[in-house]
Structures are given as C-alpha cells and as structure tokens.
Amino acid sequence: MVAVHTVHMSDSPAATLFDTEIGSCAIAWSATGVIRFQLPEATPAATRTRILRRRNGIEVTEQTPSGPIADAIAAIRAHLAGELTDLRWIPLDTSGIPEFNRAVYTVTRAIDPGHTLSYGQVADRIGAPGAAQAVGQALGRNPIPLIIPCHRVLAADHALHGFSAPGGLETKMHLLAIERTSGFGEPTLF
C-alpha cells in the first residue's frame, strides 16, 4: 500500500501516488484542478517517476491531497472497483492544452460509462467532420486519461486501435470491462 500523509496544497503543481483495484495510479494537480493522471505502469516506482516528470518546464512536487483532489481519488478508486462513479465533477486544469484537443476532451468527457463513440462521431460533435485521425492523435496525447475517458472512443467498426496509456489495448479493454461496456468483459445475451 502507498502511504498517504496530509499536507497543504501549494501554488505549484503537486502529485501523489495511490492504490486502486487495477494497481498504483497517480494524479497531478494545480490550484485550479487536475493537470495529469497516470494509469498504472509496470511498477509503482515507474508510475511515480512518470507523474513527477517535468513537463513544459513545470516541476511537480509530491504532496498528499486534500479537498476536491482527495475526493477525486476516492471517486477514482470506487470507479476502478466497479462502481460506475461519474467523474465529470472532478475539476480540471486544461489551460496548457491546445484548443482542438480541449474540444475533443470536452466531448469525450461527456461519454457515459458503459457507452462509446467513434473517432468520427467525436469529430462530428466538435464541428470537424472528417477529422477522425486528428481526434485520435488528440486522444493519444490525453494527459488525463480515465477522468477524460479516451478509452471510450473506438474505431467506427468498434475495433480497438491504439491506446497510449500503459498496458495499451489490454488496459483499454480492461477499463471498458470495468464499466460494463457491451461487447467487453462478460458475455452478453444480445
């Protein structure tokens, strides 16, 4: 188990590692909201290293969350344990994300657990018909997977193509099975 200690959030970005049903995840946040989320790497140490990595010149320090971020961790743990908790209330800080990607993430975040959209459907909903490949590229750069549920976006034929999170397609299938998405996990009658 990962130890959790209480400290106050500072103005600089912070991060913490926490255990879930699928392994050690990590979350990084600013004063505004979540800036990154990390699904389990091969080891907790690798997950920790990835979340603390300096990006865009911004250093992230390890801290224990309180308030909305602590509540977000509890909701993520419940979701990954099979409670289809709505994670849309979790505050995000997408200020460093390009506008096109933010539009893709807004549509993706609105997909309910257990449901999916195709890359083309996401492109249509952001007003960029024919931009399915660009949608896929944006989702491949998603810094906040699970909270921005890029695993819920599939190819037009519902096939799984690429998933940049650790574990690749196996992780994507596992997340869809946890959310009881038709066609993933347990067999369905219809």
# chains A, B, ... in the order shown; residues from 1 in each chain; ligands from 1

call {"tool": "residues_around", "arguments": {"residues": "segment 22-26 of chain A", "least_positions_apart": "2", "cutoff": "8 Å", "atoms": "only C-alpha atoms", "output": "VMD selection string"}}
result
chain A and resid 15 to 20 28 37 to 41 43 to 44 47 to 48 51 80

call {"tool": "select_by_dssp", "arguments": {"residues": "chain A", "states": "strand (DSSP E)", "output": "PDB file with C-alpha atoms, in the first residue's frame"}}
result
ATOM      1  CA  ALA A  14       1.580  18.698  -6.879  1.00  0.00           C
ATOM      2  CA  ALA A  15       1.170  14.962  -7.359  1.00  0.00           C
ATOM      3  CA  THR A  16       0.508  11.795  -5.409  1.00  0.00           C
ATOM      4  CA  LEU A  17       0.535   8.058  -5.987  1.00  0.00           C
ATOM      5  CA  PHE A  18      -2.412   5.978  -4.749  1.00  0.00           C
ATOM      6  CA  ASP A  19      -3.526   2.356  -4.843  1.00  0.00           C
ATOM      7  CA  THR A  20      -6.568   1.163  -6.792  1.00  0.00           C
ATOM      8  CA  GLY A  23      -2.714  -1.025  -9.442  1.00  0.00           C
ATOM      9  CA  SER A  24      -0.974   2.165  -8.376  1.00  0.00           C
ATOM     10  CA  CYS A  25      -2.312   5.233 -10.174  1.00  0.00           C
ATOM     11  CA  ALA A  26      -1.074   8.799  -9.821  1.00  0.00           C
ATOM     12  CA  ILE A  27      -2.638  12.223 -10.118  1.00  0.00           C
ATOM     13  CA  ALA A  28      -1.121  15.693 -10.505  1.00  0.00           C
ATOM     14  CA  TRP A  29      -2.968  18.934  -9.893  1.00  0.00           C
ATOM     15  CA  VAL A  34      -6.181  18.011 -12.250  1.00  0.00           C
ATOM     16  CA  ILE A  35      -3.438  18.519 -14.842  1.00  0.00           C
ATOM     17  CA  ARG A  36      -2.357  14.876 -15.285  1.00  0.00           C
ATOM     18  CA  PHE A  37      -3.489  11.386 -14.402  1.00  0.00           C
ATOM     19  CA  GLN A  38      -1.395   8.248 -14.684  1.00  0.00           C
ATOM     20  CA  THR A  61       6.271  18.055  -6.245  1.00  0.00           C
ATOM     21  CA  GLU A  62       4.901  15.110  -4.307  1.00  0.00           C
ATOM     22  CA  LEU A 117     -18.341   6.932 -29.530  1.00  0.00           C
ATOM     23  CA  SER A 118     -16.240   6.511 -32.645  1.00  0.00           C
ATOM     24  CA  VAL A 153     -13.597   6.223 -28.082  1.00  0.00           C
ATOM     25  CA  LEU A 154     -13.329   3.378 -30.595  1.00  0.00           C
TER      26      LEU A 154
END

call {"tool": "residues_around", "arguments": {"residues": "Ile111 of chain A", "least_positions_apart": "6", "cutoff": "12 Å", "atoms": "only C-alpha atoms", "output": "PyMOL selection string"}}
result
chain A and resi 86-88+104-105+117-118+121-122+125+146-154+179+181

call {"tool": "write_last_selection", "arguments": {"atoms": "N, CA and C atoms", "output": "PDB file, in the first residue's frame"}}
result
ATOM      1  N   ASP A  86     -19.562   8.779 -11.576  1.00  0.00           N
ATOM      2  CA  ASP A  86     -19.416   9.847 -12.560  1.00  0.00           C
ATOM      3  C   ASP A  86     -18.228  10.713 -12.144  1.00  0.00           C
ATOM      4  N   LEU A  87     -17.223  10.778 -12.966  1.00  0.00           N
ATOM      5  CA  LEU A  87     -16.015  11.529 -12.643  1.00  0.00           C
ATOM      6  C   LEU A  87     -16.022  12.929 -13.259  1.00  0.00           C
ATOM      7  N   ARG A  88     -17.125  13.345 -13.873  1.00  0.00           N
ATOM      8  CA  ARG A  88     -17.180  14.639 -14.570  1.00  0.00           C
ATOM      9  C   ARG A  88     -17.074  15.844 -13.639  1.00  0.00           C
ATOM     10  N   VAL A 104     -11.973  18.166 -28.180  1.00  0.00           N
ATOM     11  CA  VAL A 104     -12.070  16.697 -28.215  1.00  0.00           C
ATOM     12  C   VAL A 104     -12.304  16.165 -26.809  1.00  0.00           C
ATOM     13  N   TYR A 105     -11.569  16.684 -25.837  1.00  0.00           N
ATOM     14  CA  TYR A 105     -11.680  16.193 -24.459  1.00  0.00           C
ATOM     15  C   TYR A 105     -13.035  16.544 -23.850  1.00  0.00           C
ATOM     16  N   LEU A 117     -18.171   6.199 -28.279  1.00  0.00           N
ATOM     17  CA  LEU A 117     -18.341   6.932 -29.530  1.00  0.00           C
ATOM     18  C   LEU A 117     -17.190   6.514 -30.437  1.00  0.00           C
ATOM     19  N   SER A 118     -17.348   6.747 -31.715  1.00  0.00           N
ATOM     20  CA  SER A 118     -16.240   6.511 -32.645  1.00  0.00           C
ATOM     21  C   SER A 118     -15.438   7.811 -32.769  1.00  0.00           C
ATOM     22  N   GLN A 121     -17.424  10.179 -34.807  1.00  0.00           N
ATOM     23  CA  GLN A 121     -18.523  10.818 -34.084  1.00  0.00           C
ATOM     24  C   GLN A 121     -18.011  11.967 -33.222  1.00  0.00           C
ATOM     25  N   VAL A 122     -16.863  11.781 -32.585  1.00  0.00           N
ATOM     26  CA  VAL A 122     -16.277  12.867 -31.792  1.00  0.00           C
ATOM     27  C   VAL A 122     -15.944  14.033 -32.723  1.00  0.00           C
ATOM     28  N   ARG A 125     -19.028  15.930 -33.578  1.00  0.00           N
ATOM     29  CA  ARG A 125     -19.568  16.697 -32.443  1.00  0.00           C
ATOM     30  C   ARG A 125     -18.759  17.956 -32.130  1.00  0.00           C
ATOM     31  N   LEU A 146      -8.877   8.385 -18.113  1.00  0.00           N
ATOM     32  CA  LEU A 146      -9.900   7.927 -17.171  1.00  0.00           C
ATOM     33  C   LEU A 146     -10.824   9.080 -16.797  1.00  0.00           C
ATOM     34  N   ILE A 147     -10.286  10.199 -16.304  1.00  0.00           N
ATOM     35  CA  ILE A 147     -11.128  11.360 -15.973  1.00  0.00           C
ATOM     36  C   ILE A 147     -11.630  11.986 -17.272  1.00  0.00           C
ATOM     37  N   ILE A 148     -10.772  12.065 -18.275  1.00  0.00           N
ATOM     38  CA  ILE A 148     -11.176  12.329 -19.660  1.00  0.00           C
ATOM     39  C   ILE A 148     -11.096  10.948 -20.314  1.00  0.00           C
ATOM     40  N   PRO A 149     -12.228  10.251 -20.409  1.00  0.00           N
ATOM     41  CA  PRO A 149     -12.234   8.816 -20.721  1.00  0.00           C
ATOM     42  C   PRO A 149     -11.976   8.482 -22.190  1.00  0.00           C
ATOM     43  N   CYS A 150     -10.743   8.677 -22.623  1.00  0.00           N
ATOM     44  CA  CYS A 150     -10.378   8.395 -24.015  1.00  0.00           C
ATOM     45  C   CYS A 150     -10.550   6.924 -24.363  1.00  0.00           C
ATOM     46  N   HIS A 151     -10.583   6.069 -23.348  1.00  0.00           N
ATOM     47  CA  HIS A 151     -10.798   4.636 -23.616  1.00  0.00           C
ATOM     48  C   HIS A 151     -12.194   4.362 -24.163  1.00  0.00           C
ATOM     49  N   ARG A 152     -13.106   5.308 -24.055  1.00  0.00           N
ATOM     50  CA  ARG A 152     -14.478   5.139 -24.537  1.00  0.00           C
ATOM     51  C   ARG A 152     -14.628   5.531 -26.005  1.00  0.00           C
ATOM     52  N   VAL A 153     -13.544   5.871 -26.665  1.00  0.00           N
ATOM     53  CA  VAL A 153     -13.597   6.223 -28.082  1.00  0.00           C
ATOM     54  C   VAL A 153     -12.956   5.084 -28.870  1.00  0.00           C
ATOM     55  N   LEU A 154     -13.734   4.549 -29.823  1.00  0.00           N
ATOM     56  CA  LEU A 154     -13.329   3.378 -30.595  1.00  0.00           C
ATOM     57  C   LEU A 154     -13.342   3.699 -32.086  1.00  0.00           C
ATOM     58  N   GLU A 179     -16.372  -0.918 -16.760  1.00  0.00           N
ATOM     59  CA  GLU A 179     -17.551  -0.062 -16.946  1.00  0.00           C
ATOM     60  C   GLU A 179     -18.742  -0.800 -17.554  1.00  0.00           C
ATOM     61  N   THR A 181     -19.183  -2.142 -20.446  1.00  0.00           N
ATOM     62  CA  THR A 181     -19.487  -1.727 -21.810  1.00  0.00           C
ATOM     63  C   THR A 181     -19.834  -2.955 -22.633  1.00  0.00           C
TER      64      THR A 181
END

call {"tool": "closest_residue", "arguments": {"among": "A:Ala134, A:Leu176, A:Ile97, A:Ala72", "to": "Thr85 of chain A", "atoms": "only C-alpha atoms"}}
result
A:Ala72

call {"tool": "closest_residue", "arguments": {"among": "A:Ala45, A:Ala74, A:Leu52, A:Thr32", "to": "Leu92 of chain A", "atoms": "only C-alpha atoms"}}
result
A:Thr32

call {"tool": "closest_residue", "arguments": {"among": "A:Leu84, A:Ile126, A:Ala75, A:Ile90", "to": "Asp112 of chain A", "atoms": "only C-alpha atoms"}}
result
A:Leu84

call {"tool": "select_by_dssp", "arguments": {"residues": "chain A", "states": "helix (DSSP H, G or I)", "output": "PyMOL selection string"}}
result
chain A and resi 44-52+67-80+99-109+119-125+132-140+150-152+168-178

call {"tool": "atom_distance", "arguments": {"atom1": "atom CA of Ile58 of chain A", "atom2": "atom CA of Asp93 of chain A"}}
result
13.8 Å

call {"tool": "residues_around", "arguments": {"residues": "Arg102 of chain A", "least_positions_apart": "5", "cutoff": "12 Å", "atoms": "only C-alpha atoms", "output": "list in words"}}
result
Leu92, Asp93, Thr94, Ser95, Gly96, Ile97, Val107, Thr108, Arg109, Ile126, Val135, Ala138, Leu139, Arg141, Asn142, Pro143, Ile144 and Ile148 of chain A

call {"tool": "closest_residue", "arguments": {"among": "A:Arg54, A:Tyr119, A:Leu175, A:Pro13", "to": "Gln137 of chain A", "atoms": "only C-alpha atoms"}}
result
A:Tyr119

call {"tool": "closest_residue", "arguments": {"among": "A:Arg50, A:Ala155, A:Gly57, A:Pro145", "to": "Thr171 of chain A", "atoms": "only C-alpha atoms"}}
result
A:Pro145
